[in-house]
>>> print(open('input-v6.cif').read())   # mmCIF, C-alpha atoms
data_data
loop_
_atom_site.label_atom_id
_atom_site.label_comp_id
_atom_site.auth_asym_id
_atom_site.auth_seq_id
_atom_site.Cartn_x
_atom_site.Cartn_y
_atom_site.Cartn_z
CA MET A 1 43.82 87.18 -45.39
CA ALA A 2 44.03 86.83 -41.58
CA CYS A 3 41.42 84.08 -41.64
CA LEU A 4 43.55 81.92 -43.91
CA GLY A 5 46.46 82.29 -41.51
CA LEU A 6 44.29 81.23 -38.59
CA ALA A 7 42.94 78.26 -40.48
CA GLY A 8 46.51 77.07 -41.05
CA LEU A 9 47.25 77.47 -37.33
CA THR A 10 44.31 75.25 -36.48
CA PHE A 11 45.86 72.40 -38.43
CA ALA A 12 49.25 73.08 -36.89
CA GLU A 13 47.71 72.99 -33.40
CA ASP A 14 46.22 69.54 -34.12
CA ASP A 15 49.63 68.27 -35.23
CA MET A 16 51.24 69.76 -32.10
CA SER A 17 49.02 68.08 -29.52
CA HIS A 18 50.93 66.11 -26.89
CA GLU A 19 49.47 62.86 -28.18
CA ALA A 20 50.44 63.60 -31.79
CA ILE A 21 53.97 64.56 -30.79
CA ALA A 22 54.37 61.49 -28.58
CA LYS A 23 53.14 59.26 -31.44
CA ARG A 24 55.72 60.74 -33.84
CA LEU A 25 58.51 60.30 -31.29
CA GLU A 26 57.75 56.65 -30.44
CA PRO A 27 60.65 54.30 -31.16
CA VAL A 28 60.22 52.20 -34.28
CA GLY A 29 61.72 49.14 -32.59
CA GLU A 30 63.54 47.82 -29.59
CA LEU A 31 67.04 46.55 -29.12
CA CYS A 32 67.07 43.02 -27.80
CA LEU A 33 70.32 41.56 -26.54
CA GLU A 34 71.06 37.88 -26.11
CA GLY A 35 70.06 36.72 -22.65
CA GLN A 36 67.31 39.31 -22.25
CA ASP A 37 63.60 38.61 -22.38
CA CYS A 38 62.64 39.97 -25.78
CA GLY A 39 58.92 39.46 -25.54
CA THR A 40 58.89 35.71 -26.02
CA SER A 41 58.49 34.71 -22.38
CA ALA A 42 54.72 35.09 -22.55
CA ALA A 43 54.58 32.78 -25.55
CA SER A 44 56.81 30.18 -23.98
CA ALA A 45 55.96 30.63 -20.31
CA GLY A 46 56.09 27.28 -18.65
CA GLY A 47 57.43 25.80 -21.87
CA ASP A 48 60.43 23.59 -22.34
CA THR A 49 63.49 25.69 -23.14
CA THR A 50 65.70 22.73 -24.02
CA GLY A 51 64.47 22.74 -27.60
CA SER A 52 62.18 19.75 -27.37
CA ALA A 53 58.62 19.90 -28.59
CA GLY A 54 55.69 20.40 -26.29
CA GLY A 55 55.13 22.70 -23.35
CA GLY A 56 54.47 26.29 -24.32
CA ASP A 57 56.40 26.33 -27.59
CA MET A 58 55.04 28.56 -30.34
CA GLY A 59 53.68 26.78 -33.39
CA GLY A 60 55.29 26.96 -36.81
CA GLU A 61 52.91 29.55 -38.20
CA ALA A 62 53.36 31.84 -35.18
CA VAL A 63 57.15 31.57 -35.38
CA TYR A 64 57.02 32.19 -39.14
CA ASN A 65 54.88 35.31 -38.62
CA SER A 66 57.16 36.65 -35.89
CA ALA A 67 60.62 35.91 -37.28
CA CYS A 68 60.53 34.68 -40.89
CA VAL A 69 57.79 36.54 -42.73
CA ALA A 70 59.79 39.71 -43.45
CA CYS A 71 62.29 37.88 -45.65
CA HIS A 72 60.43 34.80 -46.86
CA ASP A 73 57.31 36.67 -48.03
CA ALA A 74 59.34 39.07 -50.17
CA GLY A 75 62.39 36.96 -51.03
CA VAL A 76 64.79 39.37 -49.32
CA ALA A 77 68.50 38.68 -49.98
CA GLY A 78 67.69 35.50 -51.91
CA ALA A 79 65.44 33.95 -49.28
CA PRO A 80 63.13 31.40 -50.91
CA LYS A 81 59.59 32.73 -50.87
CA ILE A 82 56.85 30.84 -49.12
CA GLY A 83 54.76 29.13 -51.78
CA ASP A 84 57.63 28.91 -54.32
CA SER A 85 57.64 25.15 -54.82
CA GLN A 86 60.58 25.20 -57.24
CA ALA A 87 62.86 27.11 -54.85
CA TRP A 88 61.92 24.86 -51.95
CA SER A 89 62.21 21.59 -53.90
CA THR A 90 65.88 22.27 -54.66
CA ARG A 91 66.51 22.95 -50.98
CA LEU A 92 64.59 19.86 -49.89
CA GLU A 93 66.94 17.74 -51.99
CA LYS A 94 69.54 18.45 -49.26
CA GLY A 95 67.17 17.04 -46.64
CA THR A 96 65.11 18.59 -43.87
CA GLU A 97 67.92 18.13 -41.34
CA THR A 98 70.07 20.48 -43.44
CA LEU A 99 67.22 22.99 -43.62
CA TYR A 100 66.79 22.78 -39.85
CA SER A 101 70.52 23.31 -39.33
CA HIS A 102 70.59 26.32 -41.64
CA ALA A 103 67.58 27.87 -39.93
CA ILE A 104 68.91 27.26 -36.41
CA ASN A 105 72.55 28.21 -37.04
CA GLY A 106 72.16 30.70 -39.89
CA PHE A 107 73.15 30.34 -43.53
CA ASN A 108 74.31 32.90 -46.09
CA ALA A 109 72.36 36.12 -45.36
CA MET A 110 69.92 34.44 -42.98
CA PRO A 111 70.71 35.01 -39.31
CA ALA A 112 70.53 32.16 -36.82
CA LYS A 113 66.97 31.50 -35.68
CA GLY A 114 65.71 34.21 -38.01
CA GLY A 115 67.35 36.82 -35.78
CA ASN A 116 65.50 35.79 -32.61
CA PRO A 117 67.90 33.95 -30.29
CA ASN A 118 65.08 33.28 -27.81
CA LEU A 119 63.39 30.77 -30.11
CA SER A 120 63.92 27.14 -29.21
CA ASP A 121 65.29 24.75 -31.80
CA ALA A 122 61.90 23.03 -31.88
CA GLU A 123 60.16 26.33 -32.65
CA VAL A 124 62.55 27.04 -35.51
CA GLU A 125 62.05 23.51 -36.87
CA ALA A 126 58.29 24.03 -36.68
CA ALA A 127 58.65 27.22 -38.72
CA VAL A 128 60.71 25.34 -41.33
CA ASP A 129 58.01 22.65 -41.45
CA TYR A 130 55.38 25.38 -41.89
CA LEU A 131 57.35 26.91 -44.77
CA ILE A 132 57.76 23.53 -46.47
CA GLU A 133 54.10 22.56 -46.03
CA ASN A 134 53.00 25.84 -47.56
CA SER A 135 55.46 25.69 -50.44
CA GLN A 136 54.84 22.30 -52.05
#
>>> encode(input="input-v6.cif", output="structure tokens")
Amino acid sequence: MACLGLAGLTFAEDDMSHEAIAKRLEPVGELCLEGQDCGTSAASAGGDTTGSAGGGDMGGEAVYNSACVACHDAGVAGAPKIGDSQAWSTRLEKGTETLYSHAINGFNAMPAKGGNPNLSDAEVEAAVDYLIENSQ
């Protein structure tokens, strides 16, 4: 009977190592306030921050994967899914400028710039273009 108790302690000791405890206590995310560097400076270092294309701007796919994928892959809160040509065709009837405006400024449940205020307008437009190209 004592052996069974010791065997259980062995597993508990593994779960109580400093590394295991630290891993369980790691934050699941970070709070990023407007005006702070929220991890995008490396991607846009030396890039044009005025919103024009060129420089170190992230491409559409990279922006999509960093800011858009969570909602547009699953259709969260009515977001049109990437690849859903019918959903995107009705939105394209309003014109790409309207889509750009909605993505940059926010629309319905979608936050401005997909929730990342550090993205340039050109990066957001590139993400919209990526979504459209992969949904027709």
>>> atom_distance(input="input-v6.cif", atom1="CA of Ala22 in chain A", atom2="CA of Ser66 in chain A")
26.0 Å
>>> resolve_selection(input="input-v6.cif", expression="the PyMOL selection byres ((chain A and resi 136) around 8)", output="short mmCIF file (atom, residue, chain, number, x, y, z; two decimals) with C-alpha atoms, keeping the file's coordinate frame")
data_model
loop_
_atom_site.label_atom_id
_atom_site.label_comp_id
_atom_site.auth_asym_id
_atom_site.auth_seq_id
_atom_site.Cartn_x
_atom_site.Cartn_y
_atom_site.Cartn_z
CA GLY A 83 54.76 29.13 -51.78
CA ASP A 84 57.63 28.91 -54.32
CA SER A 85 57.64 25.15 -54.82
CA TRP A 88 61.92 24.86 -51.95
CA SER A 89 62.21 21.59 -53.90
CA ILE A 132 57.76 23.53 -46.47
CA GLU A 133 54.10 22.56 -46.03
CA ASN A 134 53.00 25.84 -47.56
CA SER A 135 55.46 25.69 -50.44
#
>>> residues_near_point(input="input-v6.cif", point="(70.9, 38.2, -27.9)", cutoff="12 Å", atoms="all atoms listed in the file", output="mmCIF file with C-alpha atoms, keeping the file's coordinate frame")
data_model
loop_
_atom_site.group_PDB
_atom_site.id
_atom_site.type_symbol
_atom_site.label_atom_id
_atom_site.label_comp_id
_atom_site.auth_asym_id
_atom_site.auth_seq_id
_atom_site.Cartn_x
_atom_site.Cartn_y
_atom_site.Cartn_z
ATOM 1 C CA LEU A 31 67.040 46.550 -29.120
ATOM 2 C CA CYS A 32 67.070 43.020 -27.800
ATOM 3 C CA LEU A 33 70.320 41.560 -26.540
ATOM 4 C CA GLU A 34 71.060 37.880 -26.110
ATOM 5 C CA GLY A 35 70.060 36.720 -22.650
ATOM 6 C CA GLN A 36 67.310 39.310 -22.250
ATOM 7 C CA ASP A 37 63.600 38.610 -22.380
ATOM 8 C CA CYS A 38 62.640 39.970 -25.780
ATOM 9 C CA PRO A 111 70.710 35.010 -39.310
ATOM 10 C CA ALA A 112 70.530 32.160 -36.820
ATOM 11 C CA LYS A 113 66.970 31.500 -35.680
ATOM 12 C CA GLY A 115 67.350 36.820 -35.780
ATOM 13 C CA ASN A 116 65.500 35.790 -32.610
ATOM 14 C CA PRO A 117 67.900 33.950 -30.290
ATOM 15 C CA ASN A 118 65.080 33.280 -27.810
ATOM 16 C CA LEU A 119 63.390 30.770 -30.110
#
>>> closest_residue(input="input-v6.cif", among="A:Met110, A:Val63, A:Met58, A:Leu99", to="Gly78 in chain A", atoms="all atoms listed in the file")
A:Met110
>>> residues_around(input="input-v6.cif", residues="Glu61 in chain A", least_positions_apart="5", cutoff="12 Å", atoms="only C-alpha atoms", output="NGL selection string")
:A and (66-69 or 82 or 123-134)
>>> closest_residue(input="input-v6.cif", among="A:Asn65, A:Ser101, A:Thr90, A:Asn108", to="Ala77 in chain A", atoms="all atoms listed in the file")
A:Asn108
>>> atom_distance(input="input-v6.cif", atom1="CA of Cys71 in chain A", atom2="CA of Ala109 in chain A")
10.2 Å
>>> atom_distance(input="input-v6.cif", atom1="CA of Ala74 in chain A", atom2="CA of Gly114 in chain A")
14.6 Å
